[in-house]
Amino acid sequence: MIILYSFLSVTLLGLIFGVGLSMASKALAVRKDEKVEAVESKLPGINCGACGYAGCSGYAEAIAKEEEEDLTLCSPGGPDVALELAEIMGVEVEISNQRMVAQVFCRGNDERSKTEFVYQGVTDCNAAYLYFGGNKSCKYGCLGLDSCIKVCPVDAIIHDEDGCVWVDKELCISCGKCIDICPTGVMKLIPHEADYIVACNSKDKGAVTRKYCSVGCIGCKMCEKASPEGGYKVDNFLATIDYSMDGEREAASVKCPPKCILSLKGVTVKDEKN
Amino acid sequence: MSEKQNMLITASPQIHGPETTAKIMWLVTLSLVPAGIWGIFVFGARSILVIGVSILASVISEYVIARISKKSTILDGSAFLTGLLIGYNMPAAVPLFIPAVASVFAIVVVKWSFGGLGGNWMNPALAGRVFVFFSWTGGMTTWTMPGTVHNVADTVSHASPLGFIKAGLLDFSGALHGPVEFLSNQGYPHSGMAESIAEWFGNIGITISYTYIDGFLGNIPGCIGEVSALLLLLGGIFLLIRKIITWHIPVAYFGSFALLVWIFGGLRYNTGFFTGDPLFHILTGGMMLGVLFMATDMVTSPITGKGMIIFGVGAGLLTFMIRFYGSFPEGVSLAIILMNIFVPMINRYTQPVRFGTRGSKK
Amino acid sequence: MSKLKTFGLGGVHPHDRKSRTNGKPIEDAGIPAVAVIPMSQHLGSPADCTVEVGAKVEEGMPIGKSSGFISANIHSPVTGTVKEIGRVFLPNGTSSQAISIEVEESFSPKSSWKADKNWEELSKEELIDLVADMGIVGLGGATFPLNVKLKVPTGSTVEYLIINGVECEPYLTADHRGMLELTDKIFKGIEILYKIMEPEKVFIGIENNKPDAIKVMSQKASAMSFPTEVVPLKLRYPQGDEKQLIQAVTGREIPSGALPLAIGCIVSNVGTVYSLYEAVVLGKPLIERILTVSGGAIKEPKNLRVRIGTPISELIEKCGGFSEVPEKVVVGGPMMGFAIFDLDTPVTKGTSGILALTLKEVNSSVRTSCLNCGKCIQACPMGLNPTTLFKYIDHQDYDGAKDIGLLDCKECGSCGYTCPAHIPLIHGMKLGKLILRKNQQKQNKVKA
Amino acid sequence: MKQATIVGGKLALICALAAVSLGVANEITAPVIAELKAKQLKEALQMVVPSGEAGEETFVEDHPAVTAYYPITEGNSTTGYVIKLVGKGYAGDLVLLASFSLEGEILGSVLLDNEETPGLGKEAENPEYMKRFYIGTGGTSPVPAKKSELSQANADAVSGATITFIGIGQALSAGSEYTKKLGGAQ
Amino acid sequence: MIKDITRGFFKENPVFVVLLGLCPALGVSTKVVNSIGMGAGVIFVLLGSNIMVSMLKNFIPEKVRIPAYIVIIASFVTIVQMVMQAFMPDLYKSLGVFVPLIVVNCIILGRAEAFANKNNLFRSILDALGMGIGFTFALFLISLVREILGAGTITLFPMGSWDGIIVIPILSNAPVRVMALAAGALLVLGYLKALWNVFEARKKEPVS
Amino acid sequence: MTYIAILITFVFISNFVLTQFLGICPFIGVSKNVDSAVGMGFAVTFVMALASIATWAIQHLVLIPLKIEFLQTITFILVIAALVQLVEMVIQKISPPLYKALGIYLPLITTNCAVMGIALIAVRSDFSALESFVAGIAAGFGFLLAIILMSTIREKLDAEWIPKHLRGVPIAFITGGLMALAFMAFDKALINNLFPGL
Ligand SMILES: Cc1cc2nc3c(=O)[nH]c(=O)nc-3n(C[C@H](O)[C@H](O)[C@H](O)COP(=O)(O)O)c2cc1C
Ligand SMILES: Cc1cc2nc3c(=O)[nH]c(=O)nc-3n(C[C@H](O)[C@H](O)[C@H](O)COP(=O)(O)O)c2cc1C
Ligand SMILES: Cc1cc2nc3c(=O)[nH]c(=O)nc-3n(C[C@H](O)[C@H](O)[C@H](O)COP(=O)(O)O)c2cc1C
Ligand SMILES: Cc1cc2nc3c(=O)[nH]c(=O)nc-3n(C[C@H](O)[C@H](O)[C@H](O)CO)c2cc1C
Ligand code: SF4
Ligand code: SF4
Ligand code: SF4
Ligand code: SF4
Ligand code: FES
């Protein structure tokens with residue numbers, strides 16, 4: 001008897017709900033935008049804002065509604081995501097396959113570079129920069145107060161063992177936030193494959209630079225001579241590397257008097273002392 | 001050039017007012033000292049041990065955690081103060097592991113889990129106290145009769161006035177004129193001090209019952225630092241004058257509580273509305289200590305005057321509810337930490353009115 | 001005595017420490033060997049330099065030309081040759097183009113100036129043009145070009161002209177001395193302003209820690225031909241700020257984000273009025289200003305009349321040098337002024353004081369976390385919640401800070417002054433505004 | 001519509017399957033559960049009825065504390081009652097089973113369902129704990145319902161769980177009164 | 001394959017990582033034996049429902065997917081309920097309302113939805129086992145800490161003459177009672193989760 | 001008076017989240033900011049009120065008369081699931097703004113212990129239909145109160161420097177723990193003393 005009752009009651013309930021719900025869902029149907037969802041599912045979902053929208057969903061909506069035509073704005077996702085988006089949207093995208101990463105072009109820590117005054121205040125590079133461009137004598141270098149570290153969505157930036165601020169290029173997703181926030185302009189993008197960088201940003205004359213920093217580029221052009229194929233170029237008393245040249249760069253790094261050309265194979269620099 | 005190296009650059013203002021965190025904390029500590037000395041005087045030397053253990057445990061926890069998180073916060077005095085308050089909130093006969101656990105809980109769980117001084121949203125000392133109270137109710141409710149009261153047989157394990165009344169009222173029926181009469185009917189002990197003072201008042205034609213005098217002076221069983229309403233009041237007034245606390249919370253708290261007791265307090269004695277005895281309830285239990293020193297903890301109370309008033313009224317209401325209807329004789333500590341929960345919400349709705357947004361008159 | 005007027009919200013009472021200099025008459029600071037004249041001494045865009053290296057300039061000769069709607073002319077304060085055109089750091093921490101002038105040894109300042117025309121014959125417009133020519137900017141702190149302020153847009157009316165003699169910053173006594181010693185000239189300046197603005201009434205707000213100035217000014221005011229009243233005010237910082245001053249004097253509140261004109265008021269500092277007098281009556285451009293050199297580390301604190309471009313170190317020399325190593329050297333008042341590290345920084349139009357503060361005066365202490373004590377809220381004259389603002393900014397939520405009124409903060413310093421935790425609140429506000437500005441610029445760029 | 005029927009039908013099918021299997025499971029377990037319950041009740045009754053037999057259950061509808069009673073019969077005469085009581089505890093209701101002599105004296109009692117705190121009120125589940133309050137208290141009333149009626153040692157034993165104690169005490173006195181009223185009526 | 005079973009343990013531990021099924025994790029974790037019992041119940045229901053869903057995945061119409069799963073789950077829960085009531089009455093009593101609440105335990109529906117209806121029978125079984133064991137493991141950890149602190153005991157199954165309770169000498173006299181109550185449960189879970197985060201971070205650190 | 005007692009009981013004394021451990025998942029998951037906490041709170045309250053009355057009907061009109069109480073779990077959950085889905089669809093149709101506010105939380109509610117919990121507890125407490133309904137609303141309010149308080153605290157904590165590994169979920173649990181500690185102030189005695197007649 002009880003089995004019969006349970007059979008009847010539950011089956012009836014199931015029937016009512018099954019039929020009811022499927023009818024109701026038809027009667028009350030509201031169309032969902034599947035495209036937005038499809039696009040959003042392809043985005044990495046870090047909500048870093050590199051695309052310029054308020055989070056991934058914002059970008060997804062703009063793409064799906066065809067308000068945004070540029071499908072390559074998501075730098076964390078890189079070319080793969082752009083291609084997937086293109087597929088969903090049925091368009092072609094042109095992408096450069098080079099992965100870029102941010103890096104700090106300065107190796108001046110407390111020991112190596114001089115300061116002009118004692119700074120006391122908010123621990124933030126922009127706050128420090130408000131007053132006389134920061135307390136370092138060098139107005140181009142890294143202030144080391146972690147603005148970029150705080151802003152990086154993937155914690156790619158750290159203080160390395162020298163106390164210098166440094167980007168772990170494997171973690172960097174090239175969102176550019178650190179470059180935006182850095183007041184001194186000492187962060188720049190380099191190719192992920194870059195083997196050497198000139199880790200200095202000082203545009204002061206060599207003699208001036210030498211006075212305040214022991215690892216600052218003095219613009220002596222030694223690198224240009226030592227590695228002529230390496231793409232080294234000195235401008236404004238500062239050497240830079242043109243990464244489209246793929247010649248040898250090591251000789252310059254060895255010859256450079258202040259040793260500011262670093263190999264990126266080992267992650268950090270050797271101190272000039274040892 | 002070397003002169004330049006030493007120059008200090010800071011943002012404005014270039015001068016600073018006299019207050020510092022450490023000064024505030026040590027001044028609060030100072031203002032608590034008299035009440036503590038009284039507690040030690042009436043409850044005996046063991047009180048020193050209890051207070052010492054709480055302070056030590058809290059300062060050591062603070063030191064260890066601050067070391068781990070590479071900060072130095074011992075000298076700001078807040079851990080010392082928390083420890084002191086925990087000590088003050090313990091019965092003199094409490095097993096010593098209890099204050100130690102309370103202090104560690106206060107500092108580690110309630111304070112540093114939230115980032116240390118200023119990050120916590122619940123009063124550490126009270127949370128610590130409540131934690132051990134709920135864990136070891138027995139140890140936390142074993143009271144010592146003050147040494148100033150001589151006519152009792154058992155000085156340890158005597159009910160506090162509030163506890164006595166609560167237990168008595170659980171199965172009470174009939175009519176009585178309030179707690180004072182209840183205590184004297186049941187022969188609750190009083191001090192010689194109260195006798196002589198009451199006599200003195202009697203000579204000038206004022207009758208005053210022993211209970212009020214003992215409650216005011218601190219000749220009642222209770223936690224070490226909470227019994228002397230007089231000395232706590234003086235400490236509180238000192239803090240008010242030094243502008244370390246503001247009037248809002250004490251006035252709102254005492255006011256709302258007294259009002260509720262006056263209106264509804266008599267119902268428990270079957271004497272009807274408007275017959276409660278607020279004075280008795282303010283003078284006994286942890287009211288003075290709680291209202292003046294713990295509800296006013298700036299970290300865990302609302303930030304604007306308006307908010308503080310809401311906070312005080314809420315705490316007054318809850319204290320009333322718990323004291324009169326809950327199962328614990330004492331409601332202050334619970335009421336305060338309950339209101340601590342509401343502080344972020346209160347702050348949200350009591351922001352200051354911005355200049356130039358009030359629809360200025362032209 | 002009836003109850004003194006004052007403003008509504010907030011405010012603090014720092015020790016005013018004015019007694020060191022408020023009895024000392026204004027002295028002349030003398031001529032520097034080299035004058036360094038920055039091109040950015042005012043609010044708005046920097047002036048365009050109009051001389052070249054090697055050029056010879058004369059006292060009062062224009063060397064910088066106003067470069068936009070909000071900008072001001074700059075004149076040479078000395079006679080000499082342009083040695084170098086480079087960049088210097090201004091006291092406020094920014095850098096600016098600057099002209100170094102090697103002063104001719106034979107140079108001695110002109111003793112008498114005379115305007116080309118009698119000012120009473122000039123029309124309003126001509127007067128405003130003259131003000132612009134002479135490079136007059138507000139000397140109360142904001143260095144807002146006066147001519148811009150005087151051009152009342154059509155549709156707005158000026159009911160009250162309020163002269164700001166409050167000088168609420170501790171230590172500073174330049175305005176105070178000015179009101180005592182230059183009373184007639186200040187009133188002449190007020191008369192000129194009155195002519196330009198035609199307000200219904202002129203108020204002169206003075207705090208009651210300057211009873212002598214209140215007395216002298218009141219006497220003079222009652223003798224004026226137009227309705228003028230000296231309003232004594234209760235001592236309270238930041239009463240000198242125009243928002244608070246207007247509220248104290250008239251009871252009106254400037255709506256958030258609006259200008260004083262929105263409620264029919266115009267505020268001008270006494271020093272500004274004095275330079276207006278000099279410019280209009282004497283034809284003398286703004287090449288000098290009065291300032292106070294004070295602080296516990298200064299041997300003989302003084303009120304000085306200083307040529308723009310004089311290095312600060314020379315002024316300190318003039319006051320006997322340091323009596324001890326100062327903890328900080330501050331340009332401006334202690335509440336809003338800037339600490340500097342290079343004593344060769346030149347005096348600009350906006351420099352109202354130079355303070356060498358001792359450790360005791362600075363009273364800095366270890367920073368702790370915020371106690372939530374609310375003292376900053378009680379102190380804020382703008383009704384803001386500085387601690388929450390700071391926390392938002394500390395957590396990089398700049399837009400959140402903006403929503404709760406970051407842009408209303410005028411960096412008066414009251415909150416930071418009282419904060420027992422010694423949190424650099426105002427530094428945070430400045431940072432927040434900087435980032436908001438940057439973000440705005442970025443957005444504008446994206447849109448463009 | 002047709003689709004809806006199919007969908008509903010499929011769901012109903014699953015439901016039916018579920019219901020039937022549950023029904024079967026119930027058939028198997030229900031007797032076990034019932035038996036278990038009866039056994040538990042019997043055990044509890046045995047605990048409070050030292051001698052004699054507990055009879056049929058009678059439900060009581062309109063009493064604040066008493067929910068049911070069972071007469072105790074020894075031979076042919078009713079010697080007392082087992083009363084099922086509900087008291088107010090610290091954290092919820094206390095379900096008690098207590099036996100009383102016809103004079104209202106407690107013979108035995110046991111705490112069944114309760115939500116008291118382990119270590120405090122839950123101690124009362126231990127029959128020895130309960131005994132303290134009615135064996136040899138020698139007070140004026142057969143059941144102590146006030147702490148003041150306890151000896152010092154017993155008072156200390158309930159300390160920390162006074163509310164549970166009073167809840168039990170009050171329920172027991174209600175039971176005692178009720179028994180007296182029932183008297184030897186049956 | 002192995003991943004199907006270990007995933008539920010660490011990478012997607014239902015309690016510590018996915019943060020589902022929290023109520024039973026807190027509600028029944030006053031005694032170790034309770035959490036093991038609860039875990040067993042959940043494993044059974046998970047297994048049963050994963051098997052059924054995986055088998056019926058083509059039969060169940062999309063529209064009533066959720067109700068259908070729920071019915072399946074509820075049936076297994078009811079069976080657990082009956083069996084416990086009949087054969088483990090003490091356990092059933094101490095688990096209280098949380099036994100029927102297994103039905104709303106999000107893990108189970110979540111697994112049905114996310115795994116079983118997309119994968120074959122064998123993998124669904126492995127997944128159910130992994131998730132169930134992960135859940136049990138989490139409950140075990142929580143209850144271990146809570147029981148030791150809150151009662152000073154560790155209650156396991158009675159075996160022979162042993163009543164299954166390990167008594168921790170000093171603690172059991174004056175246990176930290178709050179740990180056995182609601183507040184303690186949340187605190188313990190909070191710190192365990194923090195500890196979990198620490199290990200997680202350790203693992204992630206570059207090996208270089 | 002009994003209805004007030006039920007209200008006080010389920011809001012404070014037997015607060016679902018803080019003392020009964022029901023609905024913890026959304027309590028932790030959806031309390032990051034105040035707006036969504038309020039949305040979730042109201043959605044849950046709404047569904048709980050409906051569910052408690054619907055399940056009362058099932059229990060008393062179907063299960064008890066037919067003596068098939070063992071089907072409680074399955075029928076209750078069916079009813080609740082269907083109810084939630086129906087409510088979702090109806091709201092979506094008739095009030096898109098309300099749907100926007102509540103909609104995203106509705107699917108989460110099916111698997112929220114609190115809803116099933118109130119149904120079971122109401123049945124176990126032998127509540128009448130109206131009492132069940134009041135209990136549903138009250139328990140919902142209790143959940144609402146807890147989640148709102150939690151979210152205001154968490155918003156405050158966003159502006160503090162919480163130790164790294166405690167940030168986010170762990171600190172939410174600890175906060176909940178401290179809240180529960182304070183809520184122990186409310187106990188059954190409060191009700192007994194306030195409404196002695198019950
Ligand atoms: C963009 C801008 C436009 C202004 N326009 C006027 C104006 O038309 N009239 C006026 O009286 N002041 C004007 N001011 C000046 C302000 O009212 C105020 O005097 C100045 O910002 C300095 O005031 P403070 O030192 O109190 O900050 C303007 C300021 C700014 C920034
Ligand atoms: C915090 C603060 C304090 C100020 N204090 C004074 C003051 O004491 N005296 C003064 O003349 N101006 C003071 N000012 C500047 C005034 O707001 C206003 O800019 C000035 O009176 C306008 O006159 P001006 O343009 O002639 O300088 C202060 C501004 C701020 C923001
Ligand atoms: C966590 C906790 C659990 C409690 N459990 C009970 C209980 O089960 N039974 C009870 O009567 N009182 C319980 N209480 C209430 C208190 O112990 C109450 O203060 C006591 O019953 C009255 O005090 P006294 O017995 O020491 O006079 C509990 C209190 C706490 C804090
Ligand atoms: C007026 C005042 C009252 C205080 N009360 C307490 C208190 O009740 N409990 C406590 O732990 N700390 C108290 N403190 C100290 C301090 O605020 C406390 O350690 C912080 O809550 C920890 O972040 C108090 C401080 C002041 C200034
Ligand atoms: S790189 Fe730039 S932002 Fe980063 S710490 Fe250095 S100065 Fe600051
Ligand atoms: S290092 Fe800079 S560019 Fe790279 S992820 Fe971090 S913030 Fe973005
Ligand atoms: S500096 Fe800004 S926030 Fe601080 S008191 Fe002044 S106006 Fe207010
Ligand atoms: S004054 Fe300082 S410590 Fe007090 S609330 Fe403001 S910021 Fe915090
Ligand atoms: S387990 Fe209870 S809400 Fe998730």
# chains A, B, ... in the order shown; residues from 1 in each chain; ligands from 1
>>> closest_atom_pairs(of="chain E", to="chain B", cutoff="8 Å", atoms="only C-alpha atoms", output="tab-separated table")
residue	atom	partner	partner_atom	distance
E:Ala174	CA	B:Trp136	CA	7.0
E:Pro175	CA	B:Ser135	CA	7.2
E:Val176	CA	B:Ser135	CA	5.0
E:Arg177	CA	B:Ser135	CA	4.3
E:Val178	CA	B:Ser135	CA	5.2
>>> write_last_selection(atoms="C-alpha atoms", output="CSV table (one decimal), in the first residue's frame")
chain,number,residue,atom,x,y,z
E,174,ALA,CA,39.1,21.6,31.0
E,175,PRO,CA,38.6,21.5,27.3
E,176,VAL,CA,38.2,24.7,25.3
E,177,ARG,CA,34.5,24.3,25.1
E,178,VAL,CA,34.0,27.0,22.5
>>> residues_around(residues="stretch 252-259 of chain A", least_positions_apart="2", cutoff="9 Å", atoms="only C-alpha atoms", output="ChimeraX atom specification")
/A:196,198,210,214-218,220-228,230,232,248-250,261-263,271-272
>>> residues_around(residues="D:Pro50", least_positions_apart="3", cutoff="9 Å", atoms="only C-alpha atoms", output="list in words")
Gln46, Met47, Glu53, Leu107 and Gly108 of chain D
>>> residues_near_ligand(ligand="ligand 8", cutoff="9 Å", atoms="only C-alpha atoms and all ligand atoms", output="ChimeraX atom specification")
/B:20-21,118,298-299,303 /C:368-379,385-388,390-391,415-425
>>> write_last_selection(atoms="N, CA and C atoms", output="short mmCIF file (atom, residue, chain, number, x, y, z; two decimals), in the first residue's frame")
data_model
loop_
_atom_site.label_atom_id
_atom_site.label_comp_id
_atom_site.auth_asym_id
_atom_site.auth_seq_id
_atom_site.Cartn_x
_atom_site.Cartn_y
_atom_site.Cartn_z
N THR B 20 50.17 60.98 20.38
CA THR B 20 50.69 59.81 19.66
C THR B 20 49.92 58.59 20.15
N THR B 21 49.98 57.55 19.35
CA THR B 21 49.29 56.33 19.73
C THR B 21 49.77 55.84 21.09
N GLY B 118 44.42 48.28 15.05
CA GLY B 118 43.60 49.05 14.13
C GLY B 118 42.87 48.20 13.11
N MET B 298 38.63 53.00 20.63
CA MET B 298 38.38 53.70 19.37
C MET B 298 38.46 52.78 18.17
N VAL B 299 39.31 51.76 18.27
CA VAL B 299 39.47 50.87 17.12
C VAL B 299 38.15 50.19 16.78
N ILE B 303 33.10 55.80 14.25
CA ILE B 303 34.10 56.83 14.09
C ILE B 303 33.52 58.23 14.26
N THR C 368 52.02 54.53 13.45
CA THR C 368 51.40 53.24 13.76
C THR C 368 50.22 53.06 12.82
N SER C 369 49.49 51.97 13.01
CA SER C 369 48.29 51.83 12.17
C SER C 369 47.22 52.78 12.68
N CYS C 370 46.24 52.98 11.82
CA CYS C 370 45.14 53.87 12.18
C CYS C 370 44.35 53.26 13.33
N LEU C 371 44.03 54.11 14.29
CA LEU C 371 43.28 53.64 15.45
C LEU C 371 41.79 53.80 15.26
N ASN C 372 41.39 54.35 14.12
CA ASN C 372 39.97 54.58 13.94
C ASN C 372 39.42 55.60 14.94
N CYS C 373 40.29 56.46 15.43
CA CYS C 373 39.87 57.30 16.54
C CYS C 373 38.93 58.40 16.08
N GLY C 374 38.94 58.70 14.79
CA GLY C 374 38.03 59.72 14.29
C GLY C 374 38.50 61.14 14.53
N LYS C 375 39.69 61.32 15.08
CA LYS C 375 40.15 62.68 15.31
C LYS C 375 40.34 63.43 14.00
N CYS C 376 40.74 62.68 12.98
CA CYS C 376 40.94 63.34 11.69
C CYS C 376 39.59 63.83 11.14
N ILE C 377 38.56 63.05 11.38
CA ILE C 377 37.24 63.45 10.90
C ILE C 377 36.78 64.69 11.64
N GLN C 378 37.02 64.67 12.94
CA GLN C 378 36.63 65.85 13.72
C GLN C 378 37.41 67.07 13.28
N ALA C 379 38.63 66.87 12.79
CA ALA C 379 39.47 68.02 12.43
C ALA C 379 39.18 68.54 11.04
N ASN C 385 36.21 62.24 5.41
CA ASN C 385 36.61 61.14 6.27
C ASN C 385 38.05 60.77 5.88
N PRO C 386 39.01 61.52 6.39
CA PRO C 386 40.39 61.34 5.91
C PRO C 386 40.91 59.92 6.09
N THR C 387 40.57 59.28 7.19
CA THR C 387 41.15 57.95 7.39
C THR C 387 40.66 56.97 6.33
N THR C 388 39.39 57.04 6.00
CA THR C 388 38.89 56.14 4.97
C THR C 388 39.48 56.51 3.61
N PHE C 390 42.33 57.76 3.10
CA PHE C 390 43.71 57.28 3.07
C PHE C 390 43.74 55.77 2.86
N LYS C 391 42.85 55.08 3.55
CA LYS C 391 42.87 53.62 3.40
C LYS C 391 42.54 53.22 1.96
N CYS C 415 43.94 67.23 9.43
CA CYS C 415 43.81 65.83 9.81
C CYS C 415 45.16 65.24 10.17
N GLY C 416 46.14 65.49 9.32
CA GLY C 416 47.46 64.94 9.59
C GLY C 416 48.04 65.49 10.87
N TYR C 417 47.71 66.74 11.17
CA TYR C 417 48.24 67.36 12.38
C TYR C 417 47.74 66.64 13.63
N THR C 418 46.46 66.27 13.63
CA THR C 418 45.92 65.68 14.85
C THR C 418 46.14 64.19 14.94
N CYS C 419 46.32 63.53 13.84
CA CYS C 419 46.31 62.06 13.85
C CYS C 419 47.31 61.50 14.86
N PRO C 420 46.84 60.81 15.87
CA PRO C 420 47.77 60.28 16.87
C PRO C 420 48.64 59.16 16.31
N ALA C 421 48.18 58.54 15.24
CA ALA C 421 48.97 57.46 14.66
C ALA C 421 50.05 58.00 13.72
N HIS C 422 50.09 59.30 13.54
CA HIS C 422 51.08 59.94 12.67
C HIS C 422 51.06 59.35 11.27
N ILE C 423 49.89 59.19 10.75
CA ILE C 423 49.75 58.67 9.40
C ILE C 423 49.89 59.83 8.42
N PRO C 424 50.67 59.68 7.38
CA PRO C 424 50.85 60.78 6.42
C PRO C 424 49.60 60.97 5.58
N LEU C 425 48.53 61.39 6.23
CA LEU C 425 47.24 61.46 5.55
C LEU C 425 47.28 62.37 4.33
#
>>> residues_near_ligand(ligand="ligand 3", cutoff="8 Å", atoms="only C-alpha atoms and all ligand atoms", output="MDAnalysis selection string")
(chainID B and resid 133:138 141:142 159 163:164 167 327:329) or (chainID D and resid 89:91 115:122 158:167) or (chainID E and resid 177:178 181) or (chainID F and resid 184)
>>> write_last_selection(atoms="C-alpha atoms", output="short mmCIF file (atom, residue, chain, number, x, y, z; two decimals), in the first residue's frame")
data_model
loop_
_atom_site.label_atom_id
_atom_site.label_comp_id
_atom_site.auth_asym_id
_atom_site.auth_seq_id
_atom_site.Cartn_x
_atom_site.Cartn_y
_atom_site.Cartn_z
CA PHE B 133 34.08 32.61 29.74
CA PHE B 134 32.22 30.34 27.37
CA SER B 135 34.96 27.74 27.52
CA TRP B 136 35.48 27.59 31.26
CA THR B 137 32.33 29.05 32.73
CA GLY B 138 33.03 27.59 36.13
CA THR B 141 32.34 32.59 37.78
CA THR B 142 34.08 31.70 40.97
CA ALA B 159 28.03 34.82 44.11
CA GLY B 163 24.71 36.50 39.87
CA PHE B 164 23.02 36.16 43.22
CA ALA B 167 19.97 32.79 40.35
CA SER B 327 21.00 33.32 31.18
CA PHE B 328 24.12 35.23 32.20
CA PRO B 329 24.09 37.65 35.10
CA GLY D 89 16.62 23.78 29.17
CA TYR D 90 19.48 26.03 28.30
CA ALA D 91 19.45 25.36 24.59
CA GLU D 115 20.18 20.02 23.19
CA GLU D 116 22.21 20.93 26.25
CA THR D 117 25.88 21.64 26.18
CA PRO D 118 28.18 18.66 26.41
CA GLY D 119 30.03 18.83 29.70
CA LEU D 120 27.40 21.02 31.30
CA GLY D 121 23.74 20.36 30.85
CA LYS D 122 24.32 17.08 29.02
CA VAL D 158 25.00 21.74 39.10
CA SER D 159 27.00 24.94 39.04
CA GLY D 160 27.50 25.99 35.47
CA ALA D 161 24.32 24.25 34.46
CA THR D 162 21.85 25.86 36.79
CA ILE D 163 19.41 26.44 34.01
CA THR D 164 19.31 22.81 33.04
CA PHE D 165 18.90 21.90 36.66
CA ILE D 166 16.03 24.26 37.21
CA GLY D 167 14.40 23.15 33.99
CA ARG E 177 34.52 24.29 25.06
CA VAL E 178 34.00 27.04 22.50
CA LEU E 181 30.49 25.19 19.45
CA MET F 184 26.21 33.13 21.96
#
>>> residues_around(residues="C:Ser66", least_positions_apart="3", cutoff="9 Å", atoms="only C-alpha atoms", output="NGL selection string")
:C and (45-48 or 69-74 or 132-133 or 135)
>>> residues_around(residues="B:Gly115", least_positions_apart="5", cutoff="6 Å", atoms="only C-alpha atoms", output="mmCIF file with all heavy atoms, in the first residue's frame")
data_model
loop_
_atom_site.group_PDB
_atom_site.id
_atom_site.type_symbol
_atom_site.label_atom_id
_atom_site.label_comp_id
_atom_site.auth_asym_id
_atom_site.auth_seq_id
_atom_site.Cartn_x
_atom_site.Cartn_y
_atom_site.Cartn_z
ATOM 1 N N TRP F 161 45.253 45.801 6.178
ATOM 2 C CA TRP F 161 46.303 44.911 5.675
ATOM 3 C C TRP F 161 46.249 43.584 6.414
ATOM 4 O O TRP F 161 46.916 43.373 7.414
ATOM 5 C CB TRP F 161 47.671 45.575 5.828
ATOM 6 C CG TRP F 161 47.797 46.754 4.942
ATOM 7 C CD1 TRP F 161 47.814 48.065 5.316
ATOM 8 C CD2 TRP F 161 47.909 46.761 3.518
ATOM 9 N NE1 TRP F 161 47.923 48.874 4.217
ATOM 10 C CE2 TRP F 161 47.981 48.112 3.100
ATOM 11 C CE3 TRP F 161 47.945 45.766 2.538
ATOM 12 C CZ2 TRP F 161 48.095 48.487 1.754
ATOM 13 C CZ3 TRP F 161 48.049 46.147 1.210
ATOM 14 C CH2 TRP F 161 48.128 47.485 0.840
ATOM 15 N N ILE F 162 45.401 42.700 5.916
ATOM 16 C CA ILE F 162 45.265 41.369 6.491
ATOM 17 C C ILE F 162 46.487 40.541 6.066
ATOM 18 O O ILE F 162 46.898 40.642 4.912
ATOM 19 C CB ILE F 162 43.988 40.687 5.937
ATOM 20 C CG1 ILE F 162 42.780 41.609 6.040
ATOM 21 C CG2 ILE F 162 43.743 39.355 6.608
ATOM 22 C CD1 ILE F 162 42.212 41.746 7.390
ATOM 23 N N PRO F 163 47.032 39.735 6.970
ATOM 24 C CA PRO F 163 48.152 38.880 6.564
ATOM 25 C C PRO F 163 47.801 38.076 5.319
ATOM 26 O O PRO F 163 46.667 37.628 5.168
ATOM 27 C CB PRO F 163 48.335 37.957 7.773
ATOM 28 C CG PRO F 163 47.794 38.717 8.920
ATOM 29 C CD PRO F 163 46.696 39.589 8.382
#
